[in-house]
Structure formats: C-alpha cells, structure tokens
Amino acid sequence: AAMDLDQALGMVELDRLCSSSRSQLHEALVNLLQSQQPASANLSMATRATLGKRGLGQLEVAKGSLDIASDLSAMVLGRTRTALADLEAAQSSIADADARAIAAEAAALQARSRAEAAVADQTAALRAAVDDATSRAAAAEA
C-alpha cells in the first residue's frame, strides 16, 4: 500500500512545524540572552524586560508548535505502521499464492506423467494384442 495523500500532507506539515519551531526557538533564545545582558550593554531595563517577555512568548508559541508536531508525528507514524502491516500481509498473500501455484504445477506434472505412462501402457497392450491377433490369423491361415 502506497503512502496516501493524508500521510504525505502530514509529513509536509510536520516538516513545516519543525522548521517553524526551530526558528521560533532560535529567536526566543536570542531575545532571552539579550534580556540577560548586563546593564553596561547599553540596553535599558525596560528593553531587557521587553526582550525577556518576547522570548518567553516565543517559547510558548514554539511549545505549541512542537505539541502539534508531536501529535501529527504520532498520527503519521500510526498510519505508516498500518500501511506497513498491510504491505506485509500482501507480501504474505503473494508468497502463499506462489506456494500454491508451485504445488499446483507439481501436481499437474505428476498427473501428466501418470497419464503419459497410462497411454504408453495402453499403447503397448494394444500393440501386443494386435501382434497376438496377427500371429493367430497367420497361424490359422497356415
């Protein structure tokens, strides 16, 4: 069973969520690090507080994206496992069908051999009967 459209779209969405989360986490880290700069870094307390709040907000957004990605990943994995199980069942069915075909071919060959042997036996018996009848006819004429 091939990957269905929902699985493919799920994988694309999962990739998008992971990339987005990576970007959000990077921005959050930058903002949080800047918010922790010492006062001598020319950033006011208000600016550092704003950067800290922005960083925390970005962490919350990234966590939400990662939660969605985790749920989506579980769904895609479940569907992939189901597709794999279906594929394994199909392969098993094919192997069983192959085994039955091989057994049927062997049985057909055996039946043909028996039929050919029976025809050969009947032909030999008929020849013997014809030869015997020919000999009797010749003996009767003599």
# chains A, B, ... in the order shown; residues from 1 in each chain; ligands from 1

$ closest_atom_pairs --of "stretch 49-115 of chain A" --to "stretch 9-25 of chain A" --cutoff "12 Å" --atoms "only C-alpha atoms" --output "Markdown table"
| residue | atom | partner | partner_atom | distance |
| --- | --- | --- | --- | --- |
| A:Arg54 | CA | A:Gln24 | CA | 10.8 |
| A:Gly55 | CA | A:Leu25 | CA | 8.6 |
| A:Leu56 | CA | A:Leu25 | CA | 9.9 |
| A:Gly57 | CA | A:Gln24 | CA | 9.7 |
| A:Gln58 | CA | A:Gln24 | CA | 5.9 |
| A:Leu59 | CA | A:Leu25 | CA | 6.2 |
| A:Glu60 | CA | A:Gln24 | CA | 9.4 |
| A:Val61 | CA | A:Gln24 | CA | 7.5 |
| A:Ala62 | CA | A:Ser21 | CA | 4.9 |
| A:Lys63 | CA | A:Ser21 | CA | 7.7 |
| A:Gly64 | CA | A:Ser21 | CA | 8.8 |
| A:Ser65 | CA | A:Leu17 | CA | 6.0 |
| A:Leu66 | CA | A:Ser21 | CA | 6.5 |
| A:Asp67 | CA | A:Leu17 | CA | 9.6 |
| A:Ile68 | CA | A:Leu17 | CA | 7.8 |
| A:Ala69 | CA | A:Leu14 | CA | 5.5 |
| A:Ser70 | CA | A:Leu14 | CA | 8.4 |
| A:Asp71 | CA | A:Leu14 | CA | 9.5 |
| A:Leu72 | CA | A:Leu14 | CA | 6.6 |
| A:Ser73 | CA | A:Leu14 | CA | 6.7 |
| A:Ala74 | CA | A:Gly10 | CA | 10.3 |
| A:Met75 | CA | A:Gly10 | CA | 8.3 |
| A:Val76 | CA | A:Gly10 | CA | 6.4 |
| A:Leu77 | CA | A:Met11 | CA | 9.7 |
| A:Gly78 | CA | A:Gly10 | CA | 11.7 |
| A:Arg79 | CA | A:Gly10 | CA | 10.3 |
| A:Thr80 | CA | A:Met11 | CA | 10.7 |

$ write_last_selection --atoms "N, CA and C atoms" --output "compact mmCIF listing (two decimals), in the first residue's frame"
# COMPACT_ATOMS: atom_id res chain seq x y z
N ARG A 54 9.21 38.91 25.28
CA ARG A 54 9.11 38.44 23.90
C ARG A 54 9.68 37.02 23.78
N GLY A 55 10.83 36.80 24.41
CA GLY A 55 11.45 35.46 24.38
C GLY A 55 10.56 34.41 25.00
N LEU A 56 9.94 34.74 26.14
CA LEU A 56 9.03 33.78 26.78
C LEU A 56 7.81 33.51 25.90
N GLY A 57 7.28 34.56 25.27
CA GLY A 57 6.14 34.38 24.36
C GLY A 57 6.51 33.48 23.19
N GLN A 58 7.74 33.68 22.66
CA GLN A 58 8.19 32.84 21.54
C GLN A 58 8.37 31.40 21.99
N LEU A 59 8.82 31.19 23.22
CA LEU A 59 8.93 29.82 23.75
C LEU A 59 7.56 29.16 23.83
N GLU A 60 6.55 29.91 24.26
CA GLU A 60 5.19 29.37 24.34
C GLU A 60 4.67 28.98 22.96
N VAL A 61 4.93 29.84 21.97
CA VAL A 61 4.49 29.55 20.60
C VAL A 61 5.22 28.31 20.08
N ALA A 62 6.53 28.26 20.34
CA ALA A 62 7.31 27.10 19.88
C ALA A 62 6.83 25.82 20.55
N LYS A 63 6.50 25.90 21.84
CA LYS A 63 5.99 24.72 22.54
C LYS A 63 4.67 24.26 21.92
N GLY A 64 3.80 25.21 21.59
CA GLY A 64 2.54 24.86 20.93
C GLY A 64 2.78 24.18 19.59
N SER A 65 3.72 24.72 18.82
CA SER A 65 4.04 24.11 17.53
C SER A 65 4.61 22.70 17.71
N LEU A 66 5.46 22.55 18.72
CA LEU A 66 6.04 21.22 18.98
C LEU A 66 4.98 20.24 19.46
N ASP A 67 4.00 20.71 20.24
CA ASP A 67 2.90 19.83 20.67
C ASP A 67 2.11 19.34 19.46
N ILE A 68 1.79 20.26 18.56
CA ILE A 68 1.06 19.88 17.33
C ILE A 68 1.91 18.92 16.51
N ALA A 69 3.21 19.23 16.38
CA ALA A 69 4.11 18.36 15.60
C ALA A 69 4.18 16.97 16.22
N SER A 70 4.21 16.90 17.54
CA SER A 70 4.25 15.61 18.22
C SER A 70 2.99 14.79 17.95
N ASP A 71 1.82 15.44 18.04
CA ASP A 71 0.55 14.75 17.76
C ASP A 71 0.50 14.29 16.31
N LEU A 72 0.91 15.17 15.41
CA LEU A 72 0.91 14.85 13.99
C LEU A 72 1.88 13.71 13.69
N SER A 73 3.03 13.75 14.32
CA SER A 73 4.02 12.69 14.14
C SER A 73 3.47 11.34 14.59
N ALA A 74 2.76 11.33 15.72
CA ALA A 74 2.16 10.08 16.21
C ALA A 74 1.12 9.56 15.22
N MET A 75 0.32 10.48 14.64
CA MET A 75 -0.69 10.08 13.67
C MET A 75 -0.03 9.50 12.40
N VAL A 76 0.99 10.21 11.89
CA VAL A 76 1.67 9.75 10.68
C VAL A 76 2.35 8.41 10.95
N LEU A 77 2.97 8.27 12.10
CA LEU A 77 3.63 7.02 12.45
C LEU A 77 2.61 5.88 12.54
N GLY A 78 1.46 6.15 13.14
CA GLY A 78 0.41 5.12 13.22
C GLY A 78 -0.06 4.70 11.84
N ARG A 79 -0.29 5.67 10.96
CA ARG A 79 -0.73 5.34 9.60
C ARG A 79 0.37 4.60 8.84
N THR A 80 1.61 4.98 9.07
CA THR A 80 2.73 4.31 8.40
C THR A 80 2.83 2.87 8.87

$ closest_residue --among "A:Gln7, A:Gly52, A:Ala90, A:Leu43" --to "A:Glu27" --atoms "only C-alpha atoms"
A:Gly52

$ atom_distance --atom1 "atom CA of A:Asn31" --atom2 "atom CA of A:Ala46"
13.3 Å
